[in-house]
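> Below is the file structure.cif, with mmCIF, C-alpha atoms.
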```cif
data_run
loop_
_atom_site.label_atom_id
_atom_site.label_comp_id
_atom_site.auth_asym_id
_atom_site.auth_seq_id
_atom_site.Cartn_x
_atom_site.Cartn_y
_atom_site.Cartn_z
CA MET A 750 233.48 72.98 188.61
CA THR A 751 230.52 75.34 188.82
CA THR A 752 229.20 76.84 185.59
CA LEU A 753 226.57 79.55 185.31
CA TYR A 754 224.89 79.71 181.91
CA GLY A 755 223.24 82.90 180.74
CA SER A 756 224.04 86.41 179.59
CA MET A 757 224.29 88.89 182.46
CA HIS A 758 221.54 90.86 180.72
CA SER A 759 219.22 88.01 181.70
CA ARG A 760 218.14 86.71 185.10
CA ALA A 761 221.55 85.04 185.26
CA ASN A 762 222.66 88.19 187.09
CA ARG A 763 220.51 87.01 190.01
CA CYS A 764 222.64 83.87 190.32
CA ALA A 765 225.92 85.69 189.73
CA TRP A 766 224.97 87.83 192.72
CA MET A 767 224.53 84.76 194.93
CA LEU A 768 227.71 83.10 193.67
CA LYS A 769 229.68 86.26 194.40
CA GLU A 770 228.13 86.69 197.86
CA LEU A 771 229.23 83.16 198.67
CA GLY A 772 232.70 83.64 197.22
CA ILE A 773 232.28 80.71 194.83
CA ASP A 774 234.61 80.62 191.82
CA PHE A 775 232.53 79.91 188.77
CA HIS A 776 232.86 79.59 185.05
CA HIS A 777 230.48 81.81 183.09
CA GLU A 778 228.94 80.88 179.74
CA SER A 779 227.10 83.86 178.30
CA THR A 780 224.46 81.73 176.57
CA ASN A 781 221.70 83.94 175.21
CA PHE A 782 218.46 83.70 173.30
CA LEU A 783 219.34 86.32 170.69
CA ASP A 784 221.84 84.06 168.89
CA GLY A 785 219.82 80.88 169.40
CA SER A 786 222.31 79.34 171.82
CA THR A 787 219.59 78.69 174.43
CA HIS A 788 218.10 76.19 171.96
CA SER A 789 221.27 74.36 170.93
CA PRO A 790 221.17 70.58 171.54
CA GLU A 791 224.03 70.98 174.06
CA PHE A 792 222.21 73.63 176.09
CA LEU A 793 218.91 71.74 176.04
CA GLN A 794 220.76 68.96 177.87
CA ILE A 795 221.47 71.49 180.63
CA ASN A 796 218.04 73.12 180.63
CA PRO A 797 215.35 71.39 178.55
CA ASN A 798 213.25 74.57 178.80
CA GLY A 799 215.74 76.42 176.61
CA ARG A 800 215.86 79.24 179.12
CA ILE A 801 218.57 81.05 181.01
CA PRO A 802 219.95 80.99 183.61
CA ALA A 803 220.91 77.41 184.34
CA LEU A 804 223.53 76.04 186.69
CA GLU A 805 225.85 73.06 186.42
CA ASP A 806 227.52 72.22 189.70
CA GLN A 807 229.86 69.24 189.45
CA GLY A 808 227.49 67.43 187.11
CA PHE A 809 224.31 68.46 188.96
CA THR A 810 222.15 70.70 186.77
CA LEU A 811 219.41 73.04 187.87
CA PHE A 812 217.16 75.69 186.34
CA GLU A 813 214.96 78.53 187.68
CA SER A 814 217.15 81.37 188.94
CA LEU A 815 215.62 81.66 192.42
CA ALA A 816 215.73 77.90 193.04
CA ILE A 817 219.39 77.95 191.98
CA ASN A 818 220.03 80.68 194.56
CA LEU A 819 218.38 78.79 197.41
CA TYR A 820 220.34 75.67 196.47
CA LEU A 821 223.65 77.56 196.39
CA ALA A 822 223.00 79.23 199.75
CA LYS A 823 222.04 75.95 201.43
CA LYS A 824 224.98 74.07 199.98
CA ALA A 825 227.40 76.75 201.19
CA GLY A 826 225.80 77.09 204.62
CA GLY A 827 226.66 80.26 206.52
CA GLU A 828 224.62 83.40 207.10
CA LEU A 829 222.76 83.48 203.80
CA ALA A 830 221.39 79.98 204.34
CA PRO A 831 218.41 79.01 206.52
CA GLN A 832 219.46 78.07 210.05
CA ASN A 833 216.38 75.98 210.77
CA LEU A 834 213.15 74.66 209.25
CA GLN A 835 211.22 77.87 209.90
CA GLU A 836 213.82 80.05 208.20
CA ASP A 837 213.84 77.61 205.30
CA ALA A 838 210.05 78.00 205.06
CA PHE A 839 210.27 81.81 205.16
CA MET A 840 212.87 81.80 202.38
CA MET A 841 210.58 79.74 200.17
CA GLN A 842 207.58 81.86 201.12
CA TRP A 843 209.18 85.21 200.29
CA THR A 844 210.80 83.85 197.13
CA ILE A 845 207.49 82.52 195.80
CA TRP A 846 205.71 85.68 196.97
CA ALA A 847 208.12 87.84 194.92
CA ILE A 848 207.35 85.79 191.82
CA THR A 849 203.59 85.71 192.25
CA GLU A 850 203.04 89.26 193.56
CA ILE A 851 205.79 91.42 192.09
CA GLU A 852 207.52 90.07 189.00
CA LYS A 853 204.83 90.49 186.32
CA PRO A 854 203.30 93.81 187.42
CA LEU A 855 206.81 95.26 187.83
CA LEU A 856 207.60 94.23 184.26
CA LEU A 857 204.41 95.95 183.07
CA ALA A 858 205.25 99.10 185.02
CA SER A 859 208.82 99.06 183.71
CA ALA A 860 207.73 98.49 180.12
CA ASN A 861 205.53 101.58 180.31
CA ASN A 862 208.10 103.72 182.13
CA LEU A 863 211.24 102.83 180.18
CA LEU A 864 211.47 99.57 178.25
CA PHE A 865 208.92 100.37 175.54
CA ALA A 866 209.79 103.18 173.13
CA PRO A 867 208.43 106.51 174.47
CA GLU A 868 205.65 106.75 171.87
CA SER A 869 204.27 103.32 172.74
CA ARG A 870 204.09 103.73 176.52
CA ASN A 871 200.63 103.72 178.07
CA VAL A 872 199.91 105.60 181.28
CA GLU A 873 196.82 103.54 182.08
CA GLU A 874 198.86 100.36 181.98
CA PHE A 875 201.53 101.98 184.14
CA ASN A 876 198.96 103.07 186.72
CA LEU A 877 197.33 99.64 186.74
CA ALA A 878 200.71 98.01 187.34
CA VAL A 879 201.60 100.36 190.20
CA LYS A 880 198.19 99.81 191.74
CA LYS A 881 198.79 96.06 191.71
CA LEU A 882 202.30 96.53 193.12
CA SER A 883 201.08 98.76 195.93
CA ARG A 884 199.46 95.76 197.60
CA PRO A 885 202.57 93.57 198.02
CA TRP A 886 204.74 96.64 198.53
CA ASP A 887 202.53 97.74 201.46
CA VAL A 888 203.08 94.27 202.94
CA LEU A 889 206.86 94.32 202.51
CA ASN A 890 207.15 97.91 203.73
CA LYS A 891 205.23 97.04 206.90
CA HIS A 892 207.20 93.82 207.36
CA LEU A 893 210.43 95.84 207.32
CA GLU A 894 209.16 98.43 209.84
CA ASN A 895 211.39 97.26 212.67
CA LYS A 896 213.72 94.99 210.77
CA GLU A 897 216.92 95.53 208.83
CA TYR A 898 216.27 92.53 206.62
CA ILE A 899 213.44 90.16 205.78
CA LEU A 900 214.40 87.54 208.38
CA GLY A 901 215.43 90.13 210.98
CA ASP A 902 218.93 91.47 211.43
CA ARG A 903 221.00 89.59 208.87
CA PHE A 904 221.09 89.67 205.06
CA SER A 905 219.95 86.25 203.78
CA ALA A 906 218.92 84.45 200.61
CA ALA A 907 215.38 85.75 201.20
CA ASP A 908 216.58 89.35 200.76
CA LEU A 909 218.74 88.45 197.80
CA ASN A 910 215.91 86.68 195.96
CA VAL A 911 213.27 89.33 196.61
CA ALA A 912 215.63 92.21 195.81
CA ALA A 913 216.82 90.40 192.66
CA VAL A 914 213.21 90.34 191.42
CA MET A 915 213.07 94.10 192.04
CA THR A 916 216.16 95.28 190.11
CA LEU A 917 213.82 96.81 187.54
CA VAL A 918 212.80 99.39 190.16
CA PRO A 919 216.04 101.40 189.78
CA THR A 920 216.66 100.28 186.17
CA ALA A 921 213.27 101.61 185.04
CA ASN A 922 213.14 104.56 187.46
CA ILE A 923 210.05 103.39 189.33
CA ASP A 924 209.33 105.75 192.23
CA ILE A 925 209.01 103.77 195.49
CA SER A 926 209.39 106.66 197.91
CA ALA A 927 205.88 105.95 199.20
CA TRP A 928 207.34 102.78 200.76
CA PRO A 929 210.30 104.18 202.71
CA ASN A 930 211.29 101.07 204.68
CA MET A 931 211.25 99.01 201.51
CA GLN A 932 213.11 101.69 199.59
CA ALA A 933 215.92 101.83 202.17
CA TRP A 934 216.11 98.02 202.30
CA LEU A 935 216.19 97.68 198.49
CA HIS A 936 218.93 100.27 198.19
CA LYS A 937 220.97 98.51 200.88
CA CYS A 938 220.61 95.15 199.12
CA LEU A 939 221.29 96.34 195.57
CA GLU A 940 224.34 98.35 196.58
CA ARG A 941 226.15 95.29 197.94
CA PRO A 942 229.34 94.79 195.90
CA ALA A 943 228.31 91.25 194.88
CA ALA A 944 225.09 92.58 193.33
CA ASP A 945 226.92 94.59 190.72
CA ASP A 946 225.85 92.80 187.52
CA TRP A 947 222.24 94.06 187.46
CA LYS A 948 223.57 97.59 186.90
CA HIS A 949 224.80 96.74 183.44
CA VAL A 950 221.43 95.49 182.25
CA ASN A 951 220.25 97.61 179.40
CA PHE A 952 217.50 96.49 177.09
CA THR A 953 214.31 97.61 175.44
CA ILE A 954 211.19 95.65 174.59
CA PRO A 955 209.21 96.25 171.41
CA ARG A 956 205.56 96.80 172.29
CA PRO A 957 203.39 94.02 170.87
CA ASP A 958 201.13 95.29 168.06
CA THR A 959 197.89 93.84 169.40
CA HIS A 960 195.98 93.37 172.64
CA LEU A 961 196.46 89.63 172.21
CA GLY A 962 200.20 90.20 171.91
CA MET A 963 200.24 92.19 175.14
CA LEU A 964 198.31 89.42 176.91
CA ALA A 965 200.76 86.86 175.49
CA MET A 966 203.66 88.81 176.98
CA PHE A 967 202.25 88.58 180.49
CA VAL A 968 200.53 85.20 180.84
CA MET B 1213 197.44 72.83 216.69
CA THR B 1214 197.63 73.17 212.93
CA THR B 1215 195.09 75.43 211.24
CA LEU B 1216 194.57 75.80 207.50
CA TYR B 1217 192.81 79.02 206.52
CA GLY B 1218 190.97 79.24 203.20
CA SER B 1219 187.87 77.97 201.45
CA MET B 1220 188.45 74.65 199.66
CA HIS B 1221 187.36 76.46 196.47
CA SER B 1222 190.63 78.36 196.72
CA ARG B 1223 194.24 77.19 196.54
CA ALA B 1224 193.76 76.02 200.12
CA ASN B 1225 192.87 72.67 198.55
CA ARG B 1226 196.54 72.35 197.58
CA CYS B 1227 197.53 72.46 201.26
CA ALA B 1228 194.66 70.23 202.37
CA TRP B 1229 196.05 67.65 199.94
CA MET B 1230 199.49 67.80 201.55
CA LEU B 1231 198.09 67.73 205.09
CA LYS B 1232 196.01 64.65 204.24
CA GLU B 1233 198.94 62.88 202.52
CA LEU B 1234 200.95 63.38 205.68
CA GLY B 1235 198.13 62.27 207.95
CA ILE B 1236 198.19 65.53 209.91
CA ASP B 1237 195.08 66.39 211.90
CA PHE B 1238 194.20 69.98 211.19
CA HIS B 1239 191.58 72.54 211.98
CA HIS B 1240 190.03 74.17 208.92
CA GLU B 1241 188.82 77.78 208.78
CA SER B 1242 186.99 78.38 205.52
CA THR B 1243 188.08 82.02 205.28
CA ASN B 1244 187.13 83.43 201.89
CA PHE B 1245 187.32 86.66 199.92
CA LEU B 1246 183.65 86.76 198.96
CA ASP B 1247 182.51 87.70 202.48
CA GLY B 1248 185.50 89.94 203.22
CA SER B 1249 186.97 87.62 205.84
CA THR B 1250 190.38 87.60 204.11
CA HIS B 1251 190.63 91.29 205.03
CA SER B 1252 189.51 91.15 208.66
CA PRO B 1253 192.04 92.53 211.16
CA GLU B 1254 192.35 89.04 212.68
CA PHE B 1255 193.16 87.38 209.37
CA LEU B 1256 195.62 90.10 208.34
CA GLN B 1257 197.62 89.10 211.43
CA ILE B 1258 197.88 85.61 209.91
CA ASN B 1259 198.52 86.72 206.32
CA PRO B 1260 199.18 90.44 205.81
CA ASN B 1261 198.54 89.94 202.08
CA GLY B 1262 194.86 89.23 202.76
CA ARG B 1263 195.07 86.10 200.64
CA ILE B 1264 194.23 82.47 201.15
CA PRO B 1265 195.50 79.93 201.94
CA ALA B 1266 197.56 80.57 205.05
CA LEU B 1267 198.82 78.14 207.67
CA GLU B 1268 199.22 78.45 211.40
CA ASP B 1269 201.28 75.67 212.89
CA GLN B 1270 201.70 75.96 216.66
CA GLY B 1271 202.06 79.72 216.43
CA PHE B 1272 204.22 79.68 213.29
CA THR B 1273 202.39 81.33 210.39
CA LEU B 1274 203.11 80.96 206.71
CA PHE B 1275 201.57 82.02 203.38
CA GLU B 1276 201.96 80.96 199.71
CA SER B 1277 200.34 77.57 199.19
CA LEU B 1278 203.33 75.84 197.60
CA ALA B 1279 205.77 77.12 200.24
CA ILE B 1280 203.38 75.82 202.91
CA ASN B 1281 203.43 72.41 201.23
CA LEU B 1282 207.23 72.21 201.11
CA TYR B 1283 207.39 73.24 204.77
CA LEU B 1284 204.84 70.62 205.82
CA ALA B 1285 206.61 67.86 203.88
CA LYS B 1286 210.02 68.74 205.31
CA LYS B 1287 208.70 69.02 208.85
CA ALA B 1288 207.04 65.61 208.63
CA GLY B 1289 210.00 63.92 206.93
CA GLY B 1290 209.26 60.66 205.15
CA GLU B 1291 208.86 59.89 201.47
CA LEU B 1292 207.30 63.19 200.39
CA ALA B 1293 210.20 65.19 201.80
CA PRO B 1294 213.59 65.74 200.15
CA GLN B 1295 216.16 63.15 201.24
CA ASN B 1296 219.17 65.32 200.42
CA LEU B 1297 220.22 68.75 199.18
CA GLN B 1298 219.80 67.85 195.51
CA GLU B 1299 216.24 66.58 195.99
CA ASP B 1300 215.50 69.74 197.98
CA ALA B 1301 216.79 71.80 195.03
CA PHE B 1302 214.69 69.82 192.53
CA MET B 1303 211.55 70.34 194.63
CA MET B 1304 212.13 74.10 194.64
CA GLN B 1305 212.98 74.08 190.93
CA TRP B 1306 209.85 72.21 189.82
CA THR B 1307 207.63 74.17 192.21
CA ILE B 1308 208.86 77.52 190.90
CA TRP B 1309 208.76 76.19 187.32
CA ALA B 1310 205.07 75.29 187.72
CA ILE B 1311 204.30 78.83 188.89
CA THR B 1312 206.32 80.63 186.22
CA GLU B 1313 205.57 78.35 183.24
CA ILE B 1314 202.13 76.87 183.84
CA GLU B 1315 199.90 78.71 186.28
CA LYS B 1316 198.96 81.84 184.31
CA PRO B 1317 198.60 80.35 180.80
CA LEU B 1318 196.56 77.49 182.28
CA LEU B 1319 194.22 80.02 183.87
CA LEU B 1320 193.84 81.79 180.50
CA ALA B 1321 193.14 78.49 178.73
CA SER B 1322 190.67 77.48 181.43
CA ALA B 1323 188.90 80.84 181.36
CA ASN B 1324 188.32 80.47 177.63
CA ASN B 1325 187.31 76.82 177.81
CA LEU B 1326 185.02 76.86 180.83
CA LEU B 1327 185.31 79.60 183.44
CA PHE B 1328 184.08 82.51 181.31
CA ALA B 1329 180.46 82.40 180.18
CA PRO B 1330 180.19 80.65 176.79
CA GLU B 1331 179.45 83.85 174.86
CA SER B 1332 182.56 85.61 176.20
CA ARG B 1333 185.09 82.90 175.45
CA ASN B 1334 187.72 83.70 172.85
CA VAL B 1335 189.31 80.97 170.75
CA GLU B 1336 192.37 83.06 169.89
CA GLU B 1337 193.14 83.51 173.58
CA PHE B 1338 192.60 79.81 174.16
CA ASN B 1339 194.98 78.90 171.34
CA LEU B 1340 197.58 81.37 172.55
CA ALA B 1341 197.42 79.87 176.05
CA VAL B 1342 197.76 76.30 174.79
CA LYS B 1343 200.67 77.32 172.59
CA LYS B 1344 202.43 78.78 175.65
CA LEU B 1345 201.61 75.67 177.69
CA SER B 1346 202.94 73.33 175.01
CA ARG B 1347 206.48 74.45 175.79
CA PRO B 1348 206.60 73.49 179.50
CA TRP B 1349 204.33 70.51 178.85
CA ASP B 1350 206.79 69.17 176.26
CA VAL B 1351 209.49 69.47 178.92
CA LEU B 1352 207.49 67.69 181.62
CA ASN B 1353 206.28 65.00 179.23
CA LYS B 1354 209.84 64.23 178.17
CA HIS B 1355 211.07 64.35 181.77
CA LEU B 1356 208.51 61.67 182.68
CA GLU B 1357 209.46 59.40 179.76
CA ASN B 1358 211.14 56.75 181.88
CA LYS B 1359 209.98 57.87 185.30
CA GLU B 1360 206.89 57.23 187.37
CA TYR B 1361 207.23 60.52 189.21
CA ILE B 1362 209.18 63.76 188.93
CA LEU B 1363 212.03 62.65 191.20
CA GLY B 1364 212.01 59.06 189.88
CA ASP B 1365 210.05 56.22 191.40
CA ARG B 1366 208.34 57.75 194.41
CA PHE B 1367 205.56 60.32 194.78
CA SER B 1368 207.00 63.42 196.45
CA ALA B 1369 206.19 67.04 197.27
CA ALA B 1370 207.46 67.95 193.79
CA ASP B 1371 204.66 65.92 192.17
CA LEU B 1372 202.08 67.23 194.61
CA ASN B 1373 202.98 70.88 194.00
CA VAL B 1374 203.18 70.62 190.20
CA ALA B 1375 199.98 68.54 189.96
CA ALA B 1376 198.21 70.93 192.35
CA VAL B 1377 198.95 73.79 189.94
CA MET B 1378 197.40 71.68 187.16
CA THR B 1379 194.03 70.79 188.71
CA LEU B 1380 192.39 73.15 186.21
CA VAL B 1381 193.30 70.66 183.45
CA PRO B 1382 190.51 68.23 184.40
CA THR B 1383 188.28 70.92 185.94
CA ALA B 1384 188.23 72.95 182.70
CA ASN B 1385 188.43 69.95 180.34
CA ILE B 1386 191.75 70.88 178.78
CA ASP B 1387 192.86 68.15 176.37
CA ILE B 1388 196.38 66.99 177.23
CA SER B 1389 196.37 63.72 175.25
CA ALA B 1390 199.23 65.08 173.12
CA TRP B 1391 201.43 64.70 176.24
CA PRO B 1392 200.73 61.05 177.20
CA ASN B 1393 203.40 60.60 179.90
CA MET B 1394 202.29 63.79 181.57
CA GLN B 1395 198.63 62.86 181.22
CA ALA B 1396 199.16 59.47 182.89
CA TRP B 1397 201.24 61.06 185.65
CA LEU B 1398 198.67 63.82 186.31
CA HIS B 1399 195.83 61.32 186.49
CA LYS B 1400 197.81 59.16 188.92
CA CYS B 1401 198.53 62.15 191.16
CA LEU B 1402 195.07 63.70 191.14
CA GLU B 1403 193.33 60.38 191.83
CA ARG B 1404 195.17 59.91 195.11
CA PRO B 1405 192.59 59.80 197.93
CA ALA B 1406 194.24 62.73 199.74
CA ALA B 1407 193.84 64.95 196.65
CA ASP B 1408 190.07 64.82 196.79
CA ASP B 1409 189.23 68.46 197.57
CA TRP B 1410 190.08 69.89 194.13
CA LYS B 1411 187.18 67.90 192.65
CA HIS B 1412 184.64 70.05 194.44
CA VAL B 1413 185.97 73.28 193.02
CA ASN B 1414 183.30 74.92 190.96
CA PHE B 1415 183.48 78.54 189.98
CA THR B 1416 183.11 80.91 187.07
CA ILE B 1417 184.96 84.14 186.30
CA PRO B 1418 183.25 87.16 184.76
CA ARG B 1419 185.19 88.27 181.69
CA PRO B 1420 186.66 91.74 182.22
CA ASP B 1421 184.98 94.34 179.99
CA THR B 1422 188.14 95.85 178.58
CA HIS B 1423 191.55 94.85 177.25
CA LEU B 1424 193.07 96.64 180.22
CA GLY B 1425 190.91 94.55 182.52
CA MET B 1426 192.10 91.34 180.86
CA LEU B 1427 195.70 92.45 181.26
CA ALA B 1428 195.03 93.30 184.91
CA MET B 1429 193.73 89.78 185.49
CA PHE B 1430 196.97 88.20 184.32
CA VAL B 1431 199.83 90.46 185.43
#
```
Mind turning the file's structure into C-alpha cells?


Amino acid sequence: MTTLYGSMHSRANRCAWMLKELGIDFHHESTNFLDGSTHSPEFLQINPNGRIPALEDQGFTLFESLAINLYLAKKAGGELAPQNLQEDAFMMQWTIWAITEIEKPLLLASANNLLFAPESRNVEEFNLAVKKLSRPWDVLNKHLENKEYILGDRFSAADLNVAAVMTLVPTANIDISAWPNMQAWLHKCLERPAADDWKHVNFTIPRPDTHLGMLAMFV
Amino acid sequence: MTTLYGSMHSRANRCAWMLKELGIDFHHESTNFLDGSTHSPEFLQINPNGRIPALEDQGFTLFESLAINLYLAKKAGGELAPQNLQEDAFMMQWTIWAITEIEKPLLLASANNLLFAPESRNVEEFNLAVKKLSRPWDVLNKHLENKEYILGDRFSAADLNVAAVMTLVPTANIDISAWPNMQAWLHKCLERPAADDWKHVNFTIPRPDTHLGMLAMFV
C-alpha cells in the first residue's frame, strides 16, 4: 500500500500530482500541523521532522516532497522518469534550482500580493522579491525558448517539480507575462488534470510583528 | 575532460570534495563573482544563472553543487553511489533536507558569530538561527544514534552533501556539542583527506544596512 500523509493545503499536493500522473492508487491521510497531528508520536515515526508531506510505500518511508516525486517517477519508470544518467542529473539540477532560486522569493512575493492581510502588505518587499525572481525566471524563460518542456519535448518529473514549486504564481496572482515562454509552459503544466489539487489551496499568513519575525519566516 | 568552474572559496569546494573522493582528474577554473567572470558570455554558456560552481564533463554541463555531486557519484558507481532505488531516494531526501532545513539558518548563525564584523553582529538573530537549526539537528542527531553514517555503515554521497552544507559549523565556530552523534559524524566527514578545500575558505560578509537588505540576503 502507498500512503501519502499531509493535507492537500500543504506541499502534499505536489506529491498527489505525481501519484495521479503515474496512475498510482494511494491512501491519503490528511495529517496537518493545525491540529498537532504532524507531531503525534505515530507521525514522527513516519517523518521525524514533524513535517508534511511524507510518503509510506510498502513500509519504505520518505520525506521532502520533491524527493518523494523523483522516487515515485523512477520507481514507476515511463516517460516521467529519467531515461539515462544525464536526464537523472538534469532532474536533480532543476529540482534543486527551483528550491534554491524560486521557492523563498516567490513566498515573499505572494505574501505581499495576497497571503498577508491587505493592510500589512509591503510594496518594497514585493518589488525586492520580484527582482530576485527575475533572475531565475530569465534563465527558465530562455531555456524554454525552443522547447516544450524542460528536458525537451516530453513532460517529465523535472517539469512537475519545478511547476509544483510555482503554484503560488496563479494562486497569488503574480504577473509573469514578462516571461512568455515560461508563462505558457507553467500554464500547460498546471492545467494537467492530475495537477488539480493545488487549485483548492486557500490560506493566509499573519504578518510577523517584527523585523526579526519576518527574517525568521524566511531563513 | 572534466572541468570544475568556481573559486574554492565558493560552493565549488563541495564538488572538489566529491571529485577527489572519486579519484577523478579534473581541470579547475577558479571563476569567481568578484571579478565578474561568472557573468562573462563564455561562462553564461556553461551556467546561464551566472553562479558557481558549474561542471563540464565531456561536453555535458551541469549546475547546482549538490546535483553535480549526485551525478558524479552515480556516474562513477562504487560505494558513494546509491546501490538501489531506495538508497537513491534517501540521497535525494537528505540532500534536499540539508538545503531546506539547514543552509539558510546556518548562514544566519554564521553571519552573527563570525562573518559580520563584530560590531554588527546581533545576538537575537544568532539565537533565532540556532533555535531553527535545533529542529533539523535533533533529527539528524537521533538518526545517527546507532549509525556511523547517514545510510548506515558506509560513507556515501548523502553524508558528503549534508556535511558539505555544514562546513560553516567549524568555519564560524558554531557550538554543536548538544548534538554529540551529529558532532562526531560531522568531524569524521570533514576530516576526510578529500574534503580539504573547505578549510581554506575565509571570507566576511558586510551586514546589509536595512531590514529590507537583511531580508533580501536570506530569501

> Neighbouring residues of B:Leu1318 were defined as those with any atom within 12 Å, considering all atoms listed in the file; residues of the same chain fewer than 3 positions away were excluded. Please report them as a ChimeraX atom specification.

/A:968 /B:1310-1315,1321-1327,1337-1346,1348-1349,1377-1388,1430

> From the set A:Glu813, A:Asp774, A:Asp806, A:Glu836, which residue has the shortest atom-to-atom contact distance to A:Gly901, counting all atoms listed in the file?

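Among the listed residues, the smallest separation from A:Gly901 belongs to A:Glu836.
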
> So, counting all atoms listed in the file, which residue among B:Val1374, B:Val1413, B:Met1303, B:Leu1246 is closest to B:Met1394?

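Once distances to B:Met1394 are computed over all atoms listed in the file, the minimum belongs to B:Val1374.
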
> Within 6 Å of chain A, which residues belong to chain B? Use all atoms listed in the file and report them as a PDB file with C-alpha atoms, in the frame of the given file.


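Saved the output as result.pdb:
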```pdb
ATOM      1  CA  GLU B1276     201.960  80.960 199.710  1.00  0.00           C
ATOM      2  CA  ALA B1279     205.770  77.120 200.240  1.00  0.00           C
ATOM      3  CA  TYR B1283     207.390  73.240 204.770  1.00  0.00           C
ATOM      4  CA  ALA B1301     216.790  71.800 195.030  1.00  0.00           C
ATOM      5  CA  MET B1304     212.130  74.100 194.640  1.00  0.00           C
ATOM      6  CA  GLN B1305     212.980  74.080 190.930  1.00  0.00           C
ATOM      7  CA  LYS B1316     198.960  81.840 184.310  1.00  0.00           C
ATOM      8  CA  PRO B1317     198.600  80.350 180.800  1.00  0.00           C
ATOM      9  CA  LEU B1427     195.700  92.450 181.260  1.00  0.00           C
ATOM     10  CA  PHE B1430     196.970  88.200 184.320  1.00  0.00           C
ATOM     11  CA  VAL B1431     199.830  90.460 185.430  1.00  0.00           C
TER      12      VAL B1431
END
```

> Name the residues in contact with stretch 1249-1251 of chain B at a cut-off of 10 Å, using all atoms listed in the file, excluding same-chain residues fewer than 2 positions from it; report them as a list in words.

Tyr1217, Gly1218, Ser1242, Thr1243, Asn1244, Phe1245, Leu1246, Asp1247, Pro1253, Glu1254, Phe1255, Leu1256, Gln1257, Ile1258, Asn1259, Pro1260, Asn1261, Gly1262, Arg1263, Ile1264 and Pro1265 of chain B

> Write out, as JSON lines, each residue of stretch 1367-1403 of chain B that has an atom at most 10 Å from stretch 1230-1235 of chain B, together with the closest pair of atoms and their distance in Å to one decimal, counting only C-alpha atoms, rows going by chain and rising number.


```
{"residue": "B:Ala1369", "atom": "CA", "partner": "B:Met1230", "partner_atom": "CA", "distance": 8.0}
{"residue": "B:Leu1372", "atom": "CA", "partner": "B:Met1230", "partner_atom": "CA", "distance": 7.4}
{"residue": "B:Asn1373", "atom": "CA", "partner": "B:Met1230", "partner_atom": "CA", "distance": 8.9}
{"residue": "B:Ala1376", "atom": "CA", "partner": "B:Met1230", "partner_atom": "CA", "distance": 9.8}
```

> Tell me, in Å to one decimal, how far atom CA of B:Thr1215 is from atom CA of B:Ala1266.

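About the pair atom CA of B:Thr1215 and atom CA of B:Ala1266: they are 8.4 Å apart.
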
> Would you mind reading off the distance between atom CA of A:Phe775 and atom CA of A:Ser759, one decimal, in Å?

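Atom-to-atom, atom CA of A:Phe775 and atom CA of A:Ser759 are spaced 17.1 Å apart.
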
> How many Å separate atom CA of A:Ser869 from atom CA of A:Ala927?

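Atom-to-atom, atom CA of A:Ser869 to atom CA of A:Ala927, that is 26.6 Å.
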
> Env of A:Leu939: 10 Å cut, atoms = all atoms listed in the file, seq-sep filter 2 positions within chain, self excluded. Answer as number ranges by chain.

A: 766, 908-909, 912-913, 915-916, 919, 934-937, 941-948

> Taking all atoms listed in the file into account, name the residue in B:Thr1416, B:Asn1296, B:Ser1368, B:Asn1358 that is nearest to B:Ala1329.

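Ranking B:Thr1416, B:Asn1296, B:Ser1368, B:Asn1358 by distance to B:Ala1329, first place goes to B:Thr1416.
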